[in-house]
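Here is the file model10.cif (mmCIF, C-alpha atoms and all ligand atoms).
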data_work
loop_
_atom_site.label_atom_id
_atom_site.label_comp_id
_atom_site.auth_asym_id
_atom_site.auth_seq_id
_atom_site.Cartn_x
_atom_site.Cartn_y
_atom_site.Cartn_z
CA MET A 1 -36.28 2.84 46.21
CA LYS A 2 -37.72 5.09 48.92
CA ILE A 3 -36.64 8.69 48.46
CA ALA A 4 -37.36 11.48 50.96
CA VAL A 5 -37.01 15.21 50.38
CA TYR A 6 -36.12 17.20 53.50
CA PRO A 7 -36.94 20.85 52.62
CA GLY A 8 -36.26 24.00 54.59
CA SER A 9 -34.50 27.33 54.58
CA PHE A 10 -31.52 26.03 56.60
CA ASP A 11 -30.22 29.56 57.22
CA PRO A 12 -27.99 28.13 58.67
CA ILE A 13 -28.26 24.36 59.14
CA THR A 14 -28.17 23.39 62.83
CA LYS A 15 -27.43 20.24 64.79
CA GLY A 16 -31.20 19.85 65.17
CA HIS A 17 -31.57 19.58 61.39
CA ILE A 18 -28.66 17.13 61.22
CA ASP A 19 -30.37 14.98 63.85
CA ILE A 20 -33.54 14.72 61.73
CA LEU A 21 -31.48 14.11 58.60
CA LYS A 22 -29.51 11.25 60.18
CA ASN A 23 -32.70 9.56 61.32
CA GLY A 24 -34.16 9.97 57.84
CA ALA A 25 -31.04 8.51 56.24
CA GLU A 26 -31.44 5.37 58.39
CA ILE A 27 -34.99 4.84 57.20
CA PHE A 28 -34.98 5.91 53.55
CA ASP A 29 -32.75 4.73 50.72
CA LYS A 30 -31.94 8.33 49.89
CA VAL A 31 -32.63 11.69 51.54
CA ILE A 32 -32.41 14.86 49.47
CA ILE A 33 -31.94 17.85 51.73
CA ALA A 34 -33.16 20.80 49.69
CA VAL A 35 -32.78 24.52 50.39
CA ALA A 36 -35.88 26.51 49.37
CA ARG A 37 -34.79 29.49 47.29
CA ASN A 38 -37.97 31.49 47.55
CA SER A 39 -38.41 31.52 51.30
CA GLU A 40 -40.05 34.75 52.44
CA LYS A 41 -37.59 35.09 55.27
CA ASN A 42 -34.79 37.66 55.17
CA ALA A 43 -31.74 35.70 54.19
CA PHE A 44 -28.67 35.66 56.41
CA LEU A 45 -26.55 33.40 54.17
CA THR A 46 -26.91 33.04 50.40
CA VAL A 47 -28.50 29.83 49.11
CA GLU A 48 -25.11 28.84 47.65
CA GLU A 49 -23.43 29.31 51.04
CA ARG A 50 -26.13 27.26 52.74
CA VAL A 51 -25.84 24.44 50.21
CA GLU A 52 -22.05 24.43 50.59
CA LEU A 53 -22.27 24.33 54.39
CA ILE A 54 -24.77 21.48 54.29
CA LYS A 55 -22.54 19.53 51.88
CA LYS A 56 -19.59 19.88 54.24
CA SER A 57 -21.71 19.02 57.28
CA VAL A 58 -23.20 15.81 55.84
CA LYS A 59 -20.24 14.50 53.84
CA ASP A 60 -20.03 11.37 56.00
CA ILE A 61 -23.64 10.32 55.40
CA GLU A 62 -23.58 8.28 52.22
CA ASN A 63 -27.20 8.35 51.12
CA VAL A 64 -27.75 12.09 51.46
CA GLU A 65 -27.82 14.49 48.53
CA VAL A 66 -27.81 18.28 48.89
CA ASP A 67 -29.74 20.52 46.49
CA SER A 68 -31.77 23.73 46.25
CA PHE A 69 -35.08 24.41 44.55
CA ASP A 70 -37.45 27.14 43.39
CA GLY A 71 -41.22 27.05 43.67
CA LEU A 72 -43.38 24.51 45.42
CA THR A 73 -41.84 21.77 47.54
CA ILE A 74 -44.35 19.24 46.27
CA GLU A 75 -43.42 19.93 42.64
CA TYR A 76 -39.75 19.57 43.48
CA ALA A 77 -40.45 16.31 45.32
CA LYS A 78 -42.33 14.97 42.29
CA LYS A 79 -39.53 15.99 39.96
CA ARG A 80 -37.06 14.09 42.14
CA ASN A 81 -39.30 11.00 42.24
CA ALA A 82 -39.60 11.27 46.01
CA ASN A 83 -42.20 9.28 47.93
CA VAL A 84 -41.94 11.31 51.10
CA ILE A 85 -41.44 14.84 52.40
CA LEU A 86 -39.55 14.69 55.67
CA ARG A 87 -40.14 17.32 58.35
CA GLY A 88 -38.93 17.72 61.92
CA LEU A 89 -41.14 18.58 64.88
CA ARG A 90 -39.60 20.24 67.91
CA ALA A 91 -42.58 21.24 70.02
CA VAL A 92 -46.37 21.43 69.96
CA SER A 93 -45.98 24.97 68.63
CA ASP A 94 -44.59 23.54 65.36
CA PHE A 95 -47.60 21.30 64.93
CA GLU A 96 -50.24 23.66 63.56
CA TYR A 97 -48.00 25.13 60.87
CA GLU A 98 -46.72 21.69 59.90
CA MET A 99 -50.22 20.27 59.72
CA GLN A 100 -51.29 23.07 57.35
CA LEU A 101 -48.21 22.62 55.19
CA SER A 102 -48.69 18.88 55.03
CA GLN A 103 -52.39 19.19 54.20
CA ALA A 104 -51.70 21.80 51.51
CA ASN A 105 -49.07 19.51 49.99
CA SER A 106 -51.36 16.52 50.12
CA ALA A 107 -54.17 18.51 48.46
CA LEU A 108 -51.73 19.38 45.68
CA SER A 109 -50.53 15.80 45.29
CA SER A 110 -51.73 12.92 47.42
CA ASP A 111 -49.05 10.55 46.12
CA ILE A 112 -46.36 12.10 48.26
CA LYS A 113 -46.74 11.67 52.01
CA THR A 114 -45.28 13.88 54.72
CA ILE A 115 -43.50 12.09 57.55
CA PHE A 116 -42.64 13.88 60.78
CA MET A 117 -39.78 13.07 63.06
CA ILE A 118 -39.38 14.34 66.58
CA THR A 119 -36.18 16.24 67.33
CA LYS A 120 -34.08 15.14 70.32
CA PRO A 121 -35.02 17.13 73.45
CA LYS A 122 -31.57 18.73 73.66
CA TYR A 123 -32.24 20.43 70.29
CA ASN A 124 -35.82 21.43 71.04
CA PHE A 125 -35.17 25.12 71.50
CA ILE A 126 -32.78 25.53 68.57
CA SER A 127 -33.87 27.39 65.48
CA SER A 128 -31.84 29.16 62.83
CA SER A 129 -33.05 32.51 64.23
CA THR A 130 -31.88 31.59 67.74
CA ILE A 131 -28.46 30.72 66.33
CA LYS A 132 -28.27 34.02 64.45
CA GLU A 133 -29.26 35.99 67.52
CA ILE A 134 -26.66 34.28 69.73
CA TYR A 135 -24.00 34.75 67.03
CA LEU A 136 -24.81 38.41 66.34
CA ASN A 137 -24.57 39.09 70.09
CA ASN A 138 -21.17 37.37 70.31
CA GLY A 139 -22.45 34.27 72.10
CA ASP A 140 -21.00 30.79 71.63
CA ILE A 141 -22.88 28.82 68.97
CA SER A 142 -20.42 25.90 68.79
CA LYS A 143 -22.76 23.52 70.65
CA PHE A 144 -25.65 24.15 68.29
CA VAL A 145 -24.23 24.08 64.77
CA PRO A 146 -22.08 21.66 62.76
CA GLU A 147 -18.35 22.50 62.62
CA PRO A 148 -18.38 23.98 59.06
CA VAL A 149 -21.09 26.50 60.04
CA TYR A 150 -19.16 27.46 63.17
CA GLU A 151 -15.94 27.95 61.18
CA LEU A 152 -17.55 30.08 58.46
CA LEU A 153 -19.24 32.33 60.98
CA GLN A 154 -16.11 32.69 63.13
CA ASN A 155 -14.11 33.70 60.05
CA ARG A 156 -16.69 36.30 59.21
CA LYS A 157 -16.22 38.25 62.42
N1 LIG B 1 -33.83 21.59 64.49
C1 LIG B 1 -33.56 22.87 64.62
N2 LIG B 1 -34.29 23.84 64.04
C2 LIG B 1 -35.32 23.47 63.28
C3 LIG B 1 -35.66 22.13 63.11
C4 LIG B 1 -34.87 21.16 63.75
N3 LIG B 1 -35.09 19.86 63.64
N4 LIG B 1 -36.74 22.07 62.33
C5 LIG B 1 -37.06 23.33 62.03
N5 LIG B 1 -36.20 24.17 62.60
C6 LIG B 1 -36.22 25.63 62.58
C7 LIG B 1 -35.66 26.21 61.33
O1 LIG B 1 -34.28 26.47 61.46
C8 LIG B 1 -36.44 27.48 61.20
O2 LIG B 1 -35.88 28.47 62.01
P1 LIG B 1 -36.12 30.02 61.70
O3 LIG B 1 -37.61 30.24 61.65
O4 LIG B 1 -35.49 30.64 62.84
O5 LIG B 1 -35.45 30.25 60.39
C9 LIG B 1 -37.80 27.16 61.80
O6 LIG B 1 -37.57 26.04 62.62
C10 LIG B 1 -38.81 26.84 60.80
O7 LIG B 1 -38.26 25.87 59.97
P2 LIG B 1 -39.05 25.18 58.85
O8 LIG B 1 -40.38 24.81 59.37
O9 LIG B 1 -38.20 24.12 58.25
O10 LIG B 1 -39.33 26.33 57.87
P3 LIG B 1 -38.44 26.79 56.81
O11 LIG B 1 -38.72 28.20 56.59
O12 LIG B 1 -37.02 26.43 57.06
O13 LIG B 1 -38.97 25.90 55.56
C11 LIG B 1 -40.42 25.39 53.73
C12 LIG B 1 -40.30 25.95 55.14
C13 LIG B 1 -39.32 25.94 52.84
C14 LIG B 1 -40.29 23.89 53.77
C15 LIG B 1 -41.82 25.77 53.20
O14 LIG B 1 -41.99 27.15 53.36
C16 LIG B 1 -41.98 25.41 51.76
O15 LIG B 1 -42.25 24.27 51.45
N6 LIG B 1 -41.81 26.41 50.86
C17 LIG B 1 -41.91 26.21 49.41
C18 LIG B 1 -43.27 26.70 48.90
C19 LIG B 1 -44.32 25.68 49.23
O16 LIG B 1 -44.32 24.59 48.69
N7 LIG B 1 -45.21 26.03 50.17
C20 LIG B 1 -46.19 25.08 50.68
C21 LIG B 1 -47.39 24.98 49.83
S1 LIG B 1 -48.54 26.21 50.26
#

Go through the file and emit its structure as structure tokens.
Ligand code: COA
Amino acid sequence: MKIAVYPGSFDPITKGHIDILKNGAEIFDKVIIAVARNSEKNAFLTVEERVELIKKSVKDIENVEVDSFDGLTIEYAKKRNANVILRGLRAVSDFEYEMQLSQANSALSSDIKTIFMITKPKYNFISSSTIKEIYLNNGDISKFVPEPVYELLQNRK
């Protein structure tokens, strides 16, 4: 059984993330999308809110599990018996950081490989920060986020 862990802060999850996740779910037997608890970034949503939103957003994809984790991604991947860490690449600017992350992970454990998938061009510019900025300035985020994220944020206003 090929298991992939798709880690990130997902604050909030976007349609770009869903795109990568769907592709991963077609290739691997199971994809575990996992929210990193100890991200250094200032949190917008709590980890519990993020997990809940992801669960609602991916409920139609059978072989996806939603979870959160503390500590190193590679240790979490090992604990979950994953073979692969799945990451999305949007632009060349993502490459250097992703290369470092992947090399650090492979130095920590060479058994688990990182696989990159390219995001669809229409999602290239999306990031969670872009979404937050549009939302906080009363712009329309409906095109960029799954319905459950849109609903939660609308109800918060
Ligand atoms: N579509 C849309 N946006 C995307 C995307 C996609 N396909 N892929 C990435 N992004 C966005 C994210 O929303 C995020 O936006 P933001 O910076 O505005 O929040 C940005 O691109 C960066 O995302 P990502 O590269 O996934 O970083 P992250 O902070 O979400 O996750 C971890 C990074 C959690 C995977 C990494 O820090 C980690 O593994 N931490 C655990 C500790 C560890 O093991 N460190 C490595 C060993 S040294």

>> Can you pull out every residue with an atom within 7 Å of ligand LIG 1 (chain B)? Use all atoms listed in the file and format it as a ChimeraX atom specification.
In response: /A:7-11,13-17,19-20,36,38-39,71-74,88-90,101,104-105,119,123-124,126-130

>> I need the residue nearest Lys78 of chain A from this list: A:Asn137, A:Ser110, A:Thr46, A:Asn23. Use all atoms listed in the file for the distance.
In response: A:Ser110

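Atom to atom, atom CA of Ile33 of chain A and atom CA of Asn63 of chain A stand 10.6 Å apart.
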
> In Å, how far is it from atom CA of Tyr135 of chain A to atom CA of Leu153 of chain A?
Replying inline: 8.1 Å

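Nearest to Arg87 of chain A of all the residues A:Ala34, A:Arg50, A:Asp140, A:Ser57 is A:Ala34, based on only C-alpha atoms.
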
>> Counting all atoms listed in the file, which residue out of A:Glu98, A:Glu133, A:Glu151, A:Glu62 sits closest to Lys30 of chain A?
In response: A:Glu62

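Taking all atoms listed in the file into account, Ile118 of chain A lies nearest to A:Leu21 out of the set A:Ile61, A:Leu21, A:Ile85, A:Val51.
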
> So which one's closest to Met117 of chain A, A:Asn81, A:Arg156, A:Ile54, A:Ile18? Using all atoms listed in the file, please.
Replying inline: A:Ile18

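For the atom pair formed by atom CA of Leu45 of chain A and atom CA of Gly139 of chain A, the distance is 18.4 Å, given to one decimal.
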
> With distances taken over only C-alpha atoms, which of A:Phe69, A:Lys132, A:Tyr97, A:Tyr150 is nearest to Asn42 of chain A?
Replying inline: A:Lys132

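Shell of Glu48 of chain A at 10 Å, with all atoms listed in the file counted and residues fewer than 6 places along the chain excluded, is A:Val35, A:Arg37, A:Ile54, A:Asp67, A:Ser68.
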